[in-house]
>>> print(open('upload_17.pdb').read())   # PDB, C-alpha atoms
ATOM      1  CA  MET A  21      -8.637  -7.594  12.158
ATOM      2  CA  LYS A  22      -6.897  -8.975  15.217
ATOM      3  CA  TRP A  23      -3.362  -7.589  15.321
ATOM      4  CA  PHE A  24      -1.624  -9.493  18.088
ATOM      5  CA  ARG A  25      -0.097 -11.804  16.567
ATOM      6  CA  THR A  26     -20.801 -16.892  -6.131
ATOM      7  CA  VAL A  27     -24.363 -17.396  -5.964
ATOM      8  CA  SER A  28     -26.675 -15.327  -3.715
ATOM      9  CA  ALA A  29     -26.597 -15.907   0.025
ATOM     10  CA  SER A  30     -29.345 -17.932   1.661
ATOM     11  CA  LEU A  31     -32.692 -16.320   2.491
ATOM     12  CA  ALA A  32     -31.912 -16.437   6.209
ATOM     13  CA  LEU A  33     -28.600 -14.647   5.737
ATOM     14  CA  MET A  34     -30.155 -12.020   3.502
ATOM     15  CA  LEU A  35     -32.864 -11.336   6.059
ATOM     16  CA  LEU A  36     -30.247 -11.220   8.792
ATOM     17  CA  ALA A  37     -28.336  -8.670   6.769
ATOM     18  CA  GLY A  38     -31.364  -6.475   6.225
ATOM     19  CA  CYS A  39     -31.398  -6.769   2.439
ATOM     20  CA  VAL A  40     -34.667  -7.007   0.511
ATOM     21  CA  SER A  41     -34.562  -8.100  -3.131
ATOM     22  CA  LYS A  42     -36.543  -6.253  -5.781
ATOM     23  CA  GLY A  43     -36.443  -8.492  -8.826
ATOM     24  CA  ALA A  44     -33.555 -10.491 -10.140
ATOM     25  CA  GLN A  45     -31.343  -7.556 -11.055
ATOM     26  CA  GLU A  46     -32.020  -5.051  -8.257
ATOM     27  CA  ALA A  47     -31.622  -4.880  -4.482
ATOM     28  CA  GLN A  48     -31.953  -2.072  -1.975
ATOM     29  CA  TRP A  49     -30.710  -1.915   1.595
ATOM     30  CA  ILE A  50     -33.551  -1.240   3.980
ATOM     31  CA  TYR A  51     -31.426  -1.655   7.107
ATOM     32  CA  PRO A  52     -27.619  -1.841   7.377
ATOM     33  CA  PRO A  53     -26.220  -5.359   6.878
ATOM     34  CA  MET A  54     -25.744  -6.951  10.285
ATOM     35  CA  ALA A  55     -24.594 -10.156  11.919
ATOM     36  CA  VAL A  56     -25.937 -11.537  15.168
ATOM     37  CA  PRO A  57     -23.744  -9.780  17.771
ATOM     38  CA  LEU A  58     -21.214 -12.224  19.191
ATOM     39  CA  GLN A  59     -22.043 -13.495  22.668
ATOM     40  CA  ASN A  60     -19.828 -14.838  25.432
ATOM     41  CA  SER A  61     -19.767 -18.622  25.354
ATOM     42  CA  VAL A  62     -20.139 -20.944  28.322
ATOM     43  CA  GLN A  63     -16.654 -22.242  27.581
ATOM     44  CA  GLN A  64     -15.159 -18.768  27.917
ATOM     45  CA  GLU A  65     -16.874 -18.155  31.239
ATOM     46  CA  VAL A  66     -15.881 -21.573  32.572
ATOM     47  CA  GLN A  67     -12.274 -20.965  31.500
ATOM     48  CA  ILE A  68     -12.160 -17.670  33.394
ATOM     49  CA  ALA A  69     -13.683 -19.244  36.509
ATOM     50  CA  ARG A  70     -11.308 -22.224  36.432
ATOM     51  CA  LEU A  71      -8.210 -20.097  35.912
ATOM     52  CA  THR A  72      -9.277 -17.796  38.736
ATOM     53  CA  GLN A  73      -9.540 -20.799  41.046
ATOM     54  CA  LEU A  74      -6.173 -22.192  40.005
ATOM     55  CA  LEU A  75      -4.404 -18.842  40.397
ATOM     56  CA  GLN A  76      -5.295 -18.861  44.102
ATOM     57  CA  ARG A  77      -2.925 -21.772  44.661
ATOM     58  CA  GLN A  78       0.349 -20.905  46.355
ATOM     59  CA  ASP A  79       2.402 -23.756  44.908
ATOM     60  CA  LEU A  80       2.448 -22.548  41.303
ATOM     61  CA  SER A  81       5.815 -21.981  39.672
ATOM     62  CA  ASP A  82       6.482 -18.577  38.118
ATOM     63  CA  LYS A  83       6.328 -20.109  34.641
ATOM     64  CA  VAL A  84       2.938 -21.701  35.252
ATOM     65  CA  ARG A  85       1.504 -18.604  36.958
ATOM     66  CA  THR A  86       2.666 -16.412  34.084
ATOM     67  CA  LYS A  87       0.974 -18.670  31.532
ATOM     68  CA  MET A  88      -2.253 -18.780  33.543
ATOM     69  CA  LEU A  89      -2.326 -14.993  33.892
ATOM     70  CA  ASN A  90      -1.820 -14.638  30.154
ATOM     71  CA  ASP A  91      -4.527 -17.212  29.423
ATOM     72  CA  ARG A  92      -6.987 -15.477  31.737
ATOM     73  CA  GLY A  93      -6.015 -12.091  30.334
ATOM     74  CA  ASN A  94      -6.757 -13.309  26.815
ATOM     75  CA  ALA A  95     -10.044 -14.788  28.029
ATOM     76  CA  TYR A  96     -11.002 -11.492  29.671
ATOM     77  CA  ASP A  97     -10.051  -9.620  26.505
ATOM     78  CA  SER A  98     -12.166 -11.925  24.318
ATOM     79  CA  VAL A  99     -15.302 -11.059  26.331
ATOM     80  CA  GLY A 100     -14.636  -7.324  26.426
ATOM     81  CA  LEU A 101     -13.218  -7.038  29.967
ATOM     82  CA  GLN A 102     -10.177  -5.077  28.874
ATOM     83  CA  ASP A 103      -9.269  -3.530  32.232
ATOM     84  CA  LEU A 104      -9.193  -6.947  33.897
ATOM     85  CA  ALA A 105      -7.132  -8.252  30.978
ATOM     86  CA  ARG A 106      -4.677  -5.396  31.382
ATOM     87  CA  LEU A 107      -4.274  -6.168  35.089
ATOM     88  CA  ASP A 108      -3.506  -9.821  34.356
ATOM     89  CA  PHE A 109      -0.998  -8.910  31.650
ATOM     90  CA  SER A 110       0.695  -6.405  33.962
ATOM     91  CA  GLN A 111       0.987  -9.054  36.709
ATOM     92  CA  SER A 112       2.384 -11.498  34.163
ATOM     93  CA  LEU A 113       5.055  -8.999  33.095
ATOM     94  CA  ALA A 114       5.962  -8.366  36.730
ATOM     95  CA  ILE A 115       6.908 -12.043  36.952
ATOM     96  CA  ASP A 116       8.491 -12.372  33.511
ATOM     97  CA  PRO A 117       9.202  -9.089  31.684
ATOM     98  CA  LYS A 118      10.597 -10.830  28.586
ATOM     99  CA  GLN A 119       7.271 -11.166  26.782
ATOM    100  CA  PRO A 120       7.088  -9.011  23.634
ATOM    101  CA  ASP A 121       3.609 -10.265  22.709
ATOM    102  CA  ILE A 122       2.222  -9.035  26.020
ATOM    103  CA  PHE A 123       3.832  -5.610  25.606
ATOM    104  CA  ASN A 124       2.178  -5.447  22.181
ATOM    105  CA  LEU A 125      -1.219  -6.242  23.708
ATOM    106  CA  LEU A 126      -0.768  -3.552  26.356
ATOM    107  CA  GLY A 127       0.262  -1.071  23.668
ATOM    108  CA  VAL A 128      -3.000  -1.670  21.825
ATOM    109  CA  TYR A 129      -4.910  -1.165  25.070
ATOM    110  CA  TYR A 130      -3.119   2.124  25.819
ATOM    111  CA  THR A 131      -3.724   3.353  22.272
ATOM    112  CA  GLY A 132      -7.444   2.699  22.670
ATOM    113  CA  VAL A 133      -7.640   4.829  25.814
ATOM    114  CA  ASP A 134      -5.536   7.680  24.407
ATOM    115  CA  GLN A 135      -2.495   7.040  26.619
ATOM    116  CA  HIS A 136      -0.004   7.620  23.852
ATOM    117  CA  ASP A 137       3.256   7.708  25.804
ATOM    118  CA  ALA A 138       2.445   4.407  27.509
ATOM    119  CA  ALA A 139       1.537   2.912  24.125
ATOM    120  CA  TYR A 140       4.805   4.038  22.517
ATOM    121  CA  GLU A 141       6.801   2.626  25.409
ATOM    122  CA  SER A 142       5.003  -0.724  25.198
ATOM    123  CA  PHE A 143       5.499  -1.059  21.442
ATOM    124  CA  ASP A 144       9.123   0.083  21.651
ATOM    125  CA  THR A 145       9.788  -2.587  24.266
ATOM    126  CA  ALA A 146       8.052  -5.255  22.169
ATOM    127  CA  LEU A 147      10.120  -4.321  19.118
ATOM    128  CA  GLU A 148      13.369  -4.218  21.069
ATOM    129  CA  MET A 149      12.725  -7.804  22.129
ATOM    130  CA  ASN A 150      11.449  -8.912  18.732
ATOM    131  CA  PRO A 151      12.385  -6.561  15.847
ATOM    132  CA  ASP A 152      10.515  -8.822  13.392
ATOM    133  CA  ASP A 153       7.143  -8.381  15.119
ATOM    134  CA  ILE A 154       5.085  -6.937  12.261
ATOM    135  CA  TYR A 155       1.999  -6.542  14.447
ATOM    136  CA  ALA A 156       3.805  -4.404  17.013
ATOM    137  CA  LEU A 157       5.259  -2.315  14.185
ATOM    138  CA  ARG A 158       1.840  -1.661  12.628
ATOM    139  CA  ASN A 159       0.261  -1.069  16.015
ATOM    140  CA  ARG A 160       2.961   1.481  16.844
ATOM    141  CA  ALA A 161       2.319   3.268  13.554
ATOM    142  CA  VAL A 162      -1.383   3.477  14.415
ATOM    143  CA  ALA A 163      -0.560   4.741  17.911
ATOM    144  CA  LEU A 164       1.673   7.437  16.396
ATOM    145  CA  TYR A 165      -1.161   8.412  14.056
ATOM    146  CA  TYR A 166      -3.589   8.831  16.948
ATOM    147  CA  GLY A 167      -0.870  10.691  18.828
ATOM    148  CA  GLU A 168      -0.737  13.162  15.908
ATOM    149  CA  ARG A 169       2.734  12.123  14.724
ATOM    150  CA  PRO A 170       1.941  11.112  11.130
ATOM    151  CA  GLU A 171       5.490  11.490   9.801
ATOM    152  CA  LEU A 172       6.852   9.002  12.338
ATOM    153  CA  ALA A 173       3.875   6.734  11.713
ATOM    154  CA  LEU A 174       4.654   6.678   7.982
ATOM    155  CA  GLU A 175       8.247   5.669   8.710
ATOM    156  CA  ASP A 176       6.946   2.598  10.528
ATOM    157  CA  MET A 177       4.512   1.833   7.707
ATOM    158  CA  LYS A 178       7.317   2.028   5.113
ATOM    159  CA  ALA A 179       9.389  -0.404   7.176
ATOM    160  CA  LEU A 180       6.338  -2.638   7.458
ATOM    161  CA  ASP A 181       5.785  -2.637   3.691
ATOM    162  CA  GLU A 182       9.291  -4.019   3.227
ATOM    163  CA  LYS A 183       8.489  -6.892   5.578
ATOM    164  CA  THR A 184       4.935  -7.634   4.355
ATOM    165  CA  PRO A 185       4.300  -6.199   0.872
ATOM    166  CA  ASN A 186       0.831  -6.281  -0.699
ATOM    167  CA  ASP A 187      -0.988  -6.359   2.622
ATOM    168  CA  PRO A 188      -4.377  -4.587   2.263
ATOM    169  CA  PHE A 189      -4.536  -3.442   5.869
ATOM    170  CA  ASN A 190      -1.051  -1.947   5.630
ATOM    171  CA  ALA A 191      -2.275  -0.124   2.523
ATOM    172  CA  LEU A 192      -5.367   1.154   4.332
ATOM    173  CA  TRP A 193      -3.447   2.515   7.305
ATOM    174  CA  SER A 194      -0.739   4.041   5.134
ATOM    175  CA  TYR A 195      -3.510   5.850   3.264
ATOM    176  CA  ILE A 196      -5.269   6.999   6.442
ATOM    177  CA  ILE A 197      -2.024   8.255   7.978
ATOM    178  CA  GLU A 198      -0.711   9.980   4.835
ATOM    179  CA  TYR A 199      -4.087  11.597   4.184
ATOM    180  CA  ASP A 200      -3.414  14.025   7.039
ATOM    181  CA  ILE A 201      -0.225  15.168   5.296
ATOM    182  CA  ASN A 202      -1.039  15.017   1.563
ATOM    183  CA  PRO A 203      -4.535  13.761   0.608
ATOM    184  CA  GLU A 204      -3.920  13.625  -3.151
ATOM    185  CA  GLN A 205      -0.649  11.733  -2.812
ATOM    186  CA  ALA A 206      -2.228   9.376  -0.283
ATOM    187  CA  LYS A 207      -5.033   8.485  -2.705
ATOM    188  CA  GLN A 208      -2.634   7.986  -5.613
ATOM    189  CA  GLN A 209      -0.449   5.692  -3.506
ATOM    190  CA  LEU A 210      -3.504   3.640  -2.524
ATOM    191  CA  LEU A 211      -4.631   3.429  -6.168
ATOM    192  CA  ASN A 212      -1.177   2.176  -7.146
ATOM    193  CA  ARG A 213      -1.310  -0.510  -4.485
ATOM    194  CA  TYR A 214      -4.844  -1.509  -5.428
ATOM    195  CA  SER A 215      -3.873  -1.905  -9.084
ATOM    196  CA  ALA A 216      -1.538  -4.750  -8.057
ATOM    197  CA  HIS A 217      -3.872  -6.328  -5.480
ATOM    198  CA  ASN A 218      -4.367 -10.048  -4.926
ATOM    199  CA  ASP A 219      -7.411 -12.023  -3.774
ATOM    200  CA  SER A 220      -6.981 -11.199  -0.090
ATOM    201  CA  TRP A 221     -10.264 -10.211   1.565
ATOM    202  CA  GLY A 222      -9.027  -6.821   2.755
ATOM    203  CA  TRP A 223      -8.726  -5.474  -0.792
ATOM    204  CA  THR A 224     -12.524  -5.318  -0.915
ATOM    205  CA  ILE A 225     -12.337  -2.670   1.812
ATOM    206  CA  VAL A 226      -9.597  -0.851  -0.114
ATOM    207  CA  ALA A 227     -11.859  -0.808  -3.193
ATOM    208  CA  LEU A 228     -14.646   0.605  -1.035
ATOM    209  CA  MET A 229     -12.335   3.269   0.372
ATOM    210  CA  LEU A 230     -11.385   4.296  -3.181
ATOM    211  CA  ASP A 231     -14.993   4.213  -4.472
ATOM    212  CA  GLU A 232     -13.924   1.530  -6.936
ATOM    213  CA  VAL A 233     -17.001  -0.399  -5.774
ATOM    214  CA  SER A 234     -20.222   0.932  -4.293
ATOM    215  CA  GLU A 235     -21.258   0.258  -0.726
ATOM    216  CA  GLN A 236     -24.044  -2.019  -1.957
ATOM    217  CA  GLN A 237     -21.602  -3.997  -4.118
ATOM    218  CA  ALA A 238     -19.179  -4.383  -1.212
ATOM    219  CA  PHE A 239     -21.839  -5.573   1.227
ATOM    220  CA  THR A 240     -23.367  -7.897  -1.366
ATOM    221  CA  PHE A 241     -19.926  -9.454  -1.869
ATOM    222  CA  ILE A 242     -19.507  -9.905   1.889
ATOM    223  CA  LEU A 243     -22.909 -11.541   2.270
ATOM    224  CA  GLU A 244     -22.490 -13.844  -0.715
ATOM    225  CA  HIS A 245     -19.080 -15.073   0.450
ATOM    226  CA  THR A 246     -19.641 -15.276   4.207
ATOM    227  CA  HIS A 247     -21.908 -18.020   5.529
ATOM    228  CA  ASP A 248     -20.656 -18.150   9.107
ATOM    229  CA  ASN A 249     -22.012 -15.639  11.625
ATOM    230  CA  GLN A 250     -18.713 -15.144  13.464
ATOM    231  CA  LEU A 251     -16.816 -14.439  10.247
ATOM    232  CA  LEU A 252     -19.643 -12.172   9.093
ATOM    233  CA  ALA A 253     -19.428 -10.206  12.347
ATOM    234  CA  GLN A 254     -15.662  -9.868  11.955
ATOM    235  CA  ARG A 255     -15.828  -8.690   8.343
ATOM    236  CA  LEU A 256     -18.634  -6.237   9.022
ATOM    237  CA  THR A 257     -16.704  -4.832  11.984
ATOM    238  CA  GLU A 258     -13.729  -4.166   9.718
ATOM    239  CA  THR A 259     -15.860  -2.794   6.883
ATOM    240  CA  TYR A 260     -17.904  -0.426   9.040
ATOM    241  CA  PHE A 261     -14.794   0.919  10.758
ATOM    242  CA  TYR A 262     -12.919   1.763   7.543
ATOM    243  CA  LEU A 263     -16.077   3.057   5.871
ATOM    244  CA  GLY A 264     -16.521   5.267   8.927
ATOM    245  CA  LYS A 265     -12.956   6.521   8.448
ATOM    246  CA  ARG A 266     -13.752   7.339   4.816
ATOM    247  CA  TYR A 267     -16.776   9.427   5.763
ATOM    248  CA  GLN A 268     -14.900  11.083   8.621
ATOM    249  CA  MET A 269     -12.050  12.052   6.298
ATOM    250  CA  GLN A 270     -14.647  13.548   3.957
ATOM    251  CA  GLY A 271     -16.085  15.617   6.825
ATOM    252  CA  GLN A 272     -19.375  13.686   6.926
ATOM    253  CA  LEU A 273     -19.347  13.190  10.690
ATOM    254  CA  ALA A 274     -22.961  12.044  11.097
ATOM    255  CA  HIS A 275     -22.366   9.097   8.755
ATOM    256  CA  ALA A 276     -19.057   8.331  10.468
ATOM    257  CA  LEU A 277     -20.699   8.280  13.916
ATOM    258  CA  SER A 278     -23.322   5.785  12.776
ATOM    259  CA  LEU A 279     -20.754   3.522  11.142
ATOM    260  CA  TYR A 280     -18.463   3.448  14.175
ATOM    261  CA  LYS A 281     -21.438   2.493  16.320
ATOM    262  CA  LEU A 282     -22.230  -0.324  13.880
ATOM    263  CA  ALA A 283     -18.616  -1.522  14.085
ATOM    264  CA  ILE A 284     -18.940  -1.648  17.873
ATOM    265  CA  SER A 285     -22.322  -3.411  17.777
ATOM    266  CA  MET A 286     -20.919  -6.751  16.540
ATOM    267  CA  ASN A 287     -19.056  -7.329  19.854
ATOM    268  CA  VAL A 288     -15.852  -8.417  18.099
ATOM    269  CA  TYR A 289     -13.857  -7.268  21.113
ATOM    270  CA  GLU A 290     -10.485  -8.621  20.018
ATOM    271  CA  TYR A 291     -10.352  -6.653  16.763
ATOM    272  CA  VAL A 292      -8.573  -3.319  16.769
ATOM    273  CA  GLU A 293     -11.351  -1.934  14.577
ATOM    274  CA  HIS A 294     -13.750  -2.505  17.472
ATOM    275  CA  ARG A 295     -11.391  -0.888  19.971
ATOM    276  CA  TYR A 296     -10.521   2.113  17.828
ATOM    277  CA  SER A 297     -14.168   2.809  16.960
ATOM    278  CA  PHE A 298     -14.589   4.047  20.538
ATOM    279  CA  LEU A 299     -11.529   6.246  20.109
ATOM    280  CA  GLU A 300     -12.867   7.678  16.850
ATOM    281  CA  LEU A 301     -16.216   8.450  18.466
ATOM    282  CA  GLU A 302     -14.442  10.382  21.209
ATOM    283  CA  ARG A 303     -12.436  12.326  18.628
ATOM    284  CA  ILE A 304     -15.581  13.275  16.719
ATOM    285  CA  PHE A 305     -17.416  14.347  19.873
ATOM    286  CA  LYS A 306     -14.410  16.470  20.847
ATOM    287  CA  GLN A 307     -14.248  18.030  17.393
ATOM    288  CA  VAL A 308     -17.952  18.894  17.505
ATOM    289  CA  ARG A 309     -17.598  20.416  20.997
ATOM    290  CA  ASP A 310     -14.566  22.445  19.925
ATOM    291  CA  ASP A 311     -16.293  23.657  16.757
ATOM    292  CA  LYS A 312     -19.366  24.656  18.742
ATOM    293  CA  ALA A 313     -17.272  26.517  21.312
ATOM    294  CA  ALA A 314     -15.354  28.318  18.554
ATOM    295  CA  ALA A 315     -18.595  29.307  16.814
ATOM    296  CA  GLU A 316     -20.073  30.623  20.064
ATOM    297  CA  LYS A 317     -16.917  32.596  20.769
ATOM    298  CA  ALA A 318     -16.911  34.098  17.273
ATOM    299  CA  ALA A 319     -20.602  35.022  17.597
ATOM    300  CA  LYS A 320     -19.970  36.637  20.964
ATOM    301  CA  GLN A 321     -17.042  38.663  19.606
ATOM    302  CA  ALA A 322     -19.119  39.770  16.608
ATOM    303  CA  LYS A 323     -21.931  40.897  18.914
ATOM    304  CA  GLU A 324     -19.498  42.840  21.078
ATOM    305  CA  GLN A 325     -18.126  44.571  17.984
ATOM    306  CA  GLU A 326     -21.636  45.533  16.883
ATOM    307  CA  GLU A 327     -22.411  46.972  20.318
ATOM    308  CA  LYS A 328     -19.238  49.085  20.222
ATOM    309  CA  VAL A 329     -20.233  50.500  16.848
TER     310      VAL A 329
END
>>> encode(input="upload_17.pdb", output="structure tokens")
Amino acid sequence: MKWFRTVSASLALMLLAGCVSKGAQEAQWIYPPMAVPLQNSVQQEVQIARLTQLLQRQDLSDKVRTKMLNDRGNAYDSVGLQDLARLDFSQSLAIDPKQPDIFNLLGVYYTGVDQHDAAYESFDTALEMNPDDIYALRNRAVALYYGERPELALEDMKALDEKTPNDPFNALWSYIIEYDINPEQAKQQLLNRYSAHNDSWGWTIVALMLDEVSEQQAFTFILEHTHDNQLLAQRLTETYFYLGKRYQMQGQLAHALSLYKLAISMNVYEYVEHRYSFLELERIFKQVRDDKAAAEKAAKQAKEQEEKV
């Protein structure tokens, strides 16, 4: 999900997804459902080249230069060149600092690279300029979660629920954040929200998170209702990320690692689920290193105690 701002699928789509049918009533996944990874288009590359040429002109007004920097920054971001995008957005803010949307974008970038203080500052600035920015509010809650401030994150999520009730992605992040504080209460809250869900696509992921549907049922639903490769890539990116979170919260780190890598593989660069998959991978690797170091230290201390005896 980008936060800034009935019958079976066709044979080609089923093959693309890695699903092999076994009779009319049964299907087994041989490979994980996939979309063709999104590729940079000629139009995107031409846009970047043209804007780069135009930005070399000295006769541009501040207003025009700011817009061009933002346009090129968004173009860079859409092809995965996040550092170049950040530089353009920073230059744009240097010319015109009254741009809450750009502060929100920078906050997402800082969250993804674990620069929590910079992320908080960016989101705070965005919300000071535009208190009704629901994306900045949710993004700040997520940043607070990754910064290990779940209580503050939940305050933002509660404020967000008042502005946009019955949003499945709000429900998912409220659950993820509250799980660190009270797992049983978090699950009950999510069940309550799911019981009043609407037809929005994201509730399928909520059902998957709650085990209300199986993984095969969820992916079958996605494949049967998604006949466009770009939309398929986007939905699979979201699904793999939140399914990875579910396994990670259950302590099944090997499954979580694989799912985060699948979320990354679709190349849906603009989605926070793509960005935060890298962050989750780093957190898992760190946890494994820390656990290994602790185990080695404990073993060493036990050996020393045996030698003393």
>>> residues_around(input="upload_17.pdb", residues="Leu180 of chain A", least_positions_apart="3", cutoff="7 Å", atoms="only C-alpha atoms", output="list in words")
Ile154, Leu157, Arg158, Asp176, Met177, Lys183 and Thr184 of chain A
>>> residues_near_point(input="upload_17.pdb", point="(-14.0, 15.4, 18.3)", cutoff="12 Å", atoms="only C-alpha atoms", output="list of chain:residue names")
A:Gln268, A:Gly271, A:Leu273, A:Ala274, A:Ala276, A:Leu277, A:Phe298, A:Leu299, A:Glu300, A:Leu301, A:Glu302, A:Arg303, A:Ile304, A:Phe305, A:Lys306, A:Gln307, A:Val308, A:Arg309, A:Asp310, A:Asp311, A:Lys312, A:Ala313
>>> residues_around(input="upload_17.pdb", residues="segment 220-236 of chain A", least_positions_apart="5", cutoff="8 Å", atoms="only C-alpha atoms", output="ChimeraX atom specification")
/A:48-49,188-189,191-192,207,210-211,214,259,262-263,266
>>> closest_residue(input="upload_17.pdb", among="A:Leu58, A:Ala314, A:Leu164, A:Ala253", to="Gly100 of chain A", atoms="only C-alpha atoms")
A:Leu58
>>> atom_distance(input="upload_17.pdb", atom1="atom CA of Tyr51 of chain A", atom2="atom CA of Thr240 of chain A")
13.3 Å
>>> residues_around(input="upload_17.pdb", residues="Arg160 of chain A", least_positions_apart="3", cutoff="8 Å", atoms="all atoms listed in the file", output="CSV table (one decimal) with C-alpha atoms, in the frame of the given file")
chain,number,residue,atom,x,y,z
A,127,GLY,CA,0.3,-1.1,23.7
A,139,ALA,CA,1.5,2.9,24.1
A,140,TYR,CA,4.8,4.0,22.5
A,143,PHE,CA,5.5,-1.1,21.4
A,144,ASP,CA,9.1,0.1,21.7
A,156,ALA,CA,3.8,-4.4,17.0
A,157,LEU,CA,5.3,-2.3,14.2
A,163,ALA,CA,-0.6,4.7,17.9
A,164,LEU,CA,1.7,7.4,16.4
A,173,ALA,CA,3.9,6.7,11.7
A,176,ASP,CA,6.9,2.6,10.5
>>> axis_aligned_box(input="upload_17.pdb", around="segment 79-90 of chain A", padding_each_side="6 Å", output="lines of an AutoDock Vina configuration file")
center_x = 2.1
center_y = -19.2
center_z = 37.5
size_x = 20.8
size_y = 21.1
size_z = 26.8
>>> closest_atom_pairs(input="upload_17.pdb", of="segment 248-276 of chain A", to="segment 287-296 of chain A", cutoff="10 Å", atoms="all atoms listed in the file", output="Markdown table")
| residue | atom | partner | partner_atom | distance |
| --- | --- | --- | --- | --- |
| A:Gln250 | CA | A:Val288 | CA | 8.7 |
| A:Leu251 | CA | A:Val288 | CA | 9.9 |
| A:Ala253 | CA | A:Val288 | CA | 7.0 |
| A:Gln254 | CA | A:Val288 | CA | 6.3 |
| A:Arg255 | CA | A:Val288 | CA | 9.8 |
| A:Leu256 | CA | A:Val288 | CA | 9.7 |
| A:Thr257 | CA | A:Glu293 | CA | 6.6 |
| A:Glu258 | CA | A:Glu293 | CA | 5.9 |
| A:Thr259 | CA | A:Glu293 | CA | 9.0 |
| A:Tyr260 | CA | A:Glu293 | CA | 8.7 |
| A:Phe261 | CA | A:Glu293 | CA | 5.9 |
| A:Tyr262 | CA | A:Glu293 | CA | 8.1 |
>>> atom_distance(input="upload_17.pdb", atom1="atom CA of Gly93 of chain A", atom2="atom CA of Ile68 of chain A")
8.8 Å
>>> closest_residue(input="upload_17.pdb", among="A:Gln237, A:Gln63, A:Ser297, A:Gln325", to="Tyr280 of chain A", atoms="all atoms listed in the file")
A:Ser297
>>> atom_distance(input="upload_17.pdb", atom1="atom CA of Leu89 of chain A", atom2="atom CA of Gln67 of chain A")
11.8 Å
>>> build_atoms(input="upload_17.pdb", residues="segment 292-308 of chain A", atoms="N, CA and C atoms", output="PDB file, keeping the file's coordinate frame")
ATOM      1  N   VAL A 292      -8.931  -4.711  16.523  1.00  0.00           N
ATOM      2  CA  VAL A 292      -8.573  -3.319  16.769  1.00  0.00           C
ATOM      3  C   VAL A 292      -9.621  -2.373  16.201  1.00  0.00           C
ATOM      4  N   GLU A 293     -10.314  -2.789  15.144  1.00  0.00           N
ATOM      5  CA  GLU A 293     -11.351  -1.934  14.577  1.00  0.00           C
ATOM      6  C   GLU A 293     -12.476  -1.697  15.580  1.00  0.00           C
ATOM      7  N   HIS A 294     -12.764  -2.689  16.396  1.00  0.00           N
ATOM      8  CA  HIS A 294     -13.750  -2.505  17.472  1.00  0.00           C
ATOM      9  C   HIS A 294     -13.221  -1.541  18.512  1.00  0.00           C
ATOM     10  N   ARG A 295     -11.983  -1.728  18.932  1.00  0.00           N
ATOM     11  CA  ARG A 295     -11.391  -0.888  19.971  1.00  0.00           C
ATOM     12  C   ARG A 295     -11.283   0.568  19.516  1.00  0.00           C
ATOM     13  N   TYR A 296     -10.790   0.754  18.291  1.00  0.00           N
ATOM     14  CA  TYR A 296     -10.521   2.113  17.828  1.00  0.00           C
ATOM     15  C   TYR A 296     -11.793   2.847  17.406  1.00  0.00           C
ATOM     16  N   SER A 297     -12.895   2.125  17.234  1.00  0.00           N
ATOM     17  CA  SER A 297     -14.168   2.809  16.960  1.00  0.00           C
ATOM     18  C   SER A 297     -14.559   3.693  18.142  1.00  0.00           C
ATOM     19  N   PHE A 298     -14.312   3.220  19.358  1.00  0.00           N
ATOM     20  CA  PHE A 298     -14.589   4.047  20.538  1.00  0.00           C
ATOM     21  C   PHE A 298     -13.724   5.302  20.520  1.00  0.00           C
ATOM     22  N   LEU A 299     -12.463   5.119  20.157  1.00  0.00           N
ATOM     23  CA  LEU A 299     -11.529   6.246  20.109  1.00  0.00           C
ATOM     24  C   LEU A 299     -11.969   7.261  19.056  1.00  0.00           C
ATOM     25  N   GLU A 300     -12.412   6.774  17.904  1.00  0.00           N
ATOM     26  CA  GLU A 300     -12.867   7.678  16.850  1.00  0.00           C
ATOM     27  C   GLU A 300     -14.127   8.432  17.273  1.00  0.00           C
ATOM     28  N   LEU A 301     -15.012   7.767  17.975  1.00  0.00           N
ATOM     29  CA  LEU A 301     -16.216   8.450  18.466  1.00  0.00           C
ATOM     30  C   LEU A 301     -15.844   9.597  19.395  1.00  0.00           C
ATOM     31  N   GLU A 302     -14.890   9.335  20.295  1.00  0.00           N
ATOM     32  CA  GLU A 302     -14.442  10.382  21.209  1.00  0.00           C
ATOM     33  C   GLU A 302     -13.836  11.559  20.447  1.00  0.00           C
ATOM     34  N   ARG A 303     -13.064  11.261  19.419  1.00  0.00           N
ATOM     35  CA  ARG A 303     -12.436  12.326  18.628  1.00  0.00           C
ATOM     36  C   ARG A 303     -13.493  13.174  17.908  1.00  0.00           C
ATOM     37  N   ILE A 304     -14.520  12.523  17.400  1.00  0.00           N
ATOM     38  CA  ILE A 304     -15.581  13.275  16.719  1.00  0.00           C
ATOM     39  C   ILE A 304     -16.344  14.138  17.711  1.00  0.00           C
ATOM     40  N   PHE A 305     -16.694  13.568  18.862  1.00  0.00           N
ATOM     41  CA  PHE A 305     -17.416  14.347  19.873  1.00  0.00           C
ATOM     42  C   PHE A 305     -16.593  15.558  20.301  1.00  0.00           C
ATOM     43  N   LYS A 306     -15.287  15.365  20.459  1.00  0.00           N
ATOM     44  CA  LYS A 306     -14.410  16.470  20.847  1.00  0.00           C
ATOM     45  C   LYS A 306     -14.369  17.526  19.752  1.00  0.00           C
ATOM     46  N   GLN A 307     -14.274  17.083  18.506  1.00  0.00           N
ATOM     47  CA  GLN A 307     -14.248  18.030  17.393  1.00  0.00           C
ATOM     48  C   GLN A 307     -15.534  18.846  17.336  1.00  0.00           C
ATOM     49  N   VAL A 308     -16.665  18.189  17.533  1.00  0.00           N
ATOM     50  CA  VAL A 308     -17.952  18.894  17.505  1.00  0.00           C
ATOM     51  C   VAL A 308     -18.037  19.898  18.649  1.00  0.00           C
TER      52      VAL A 308
END
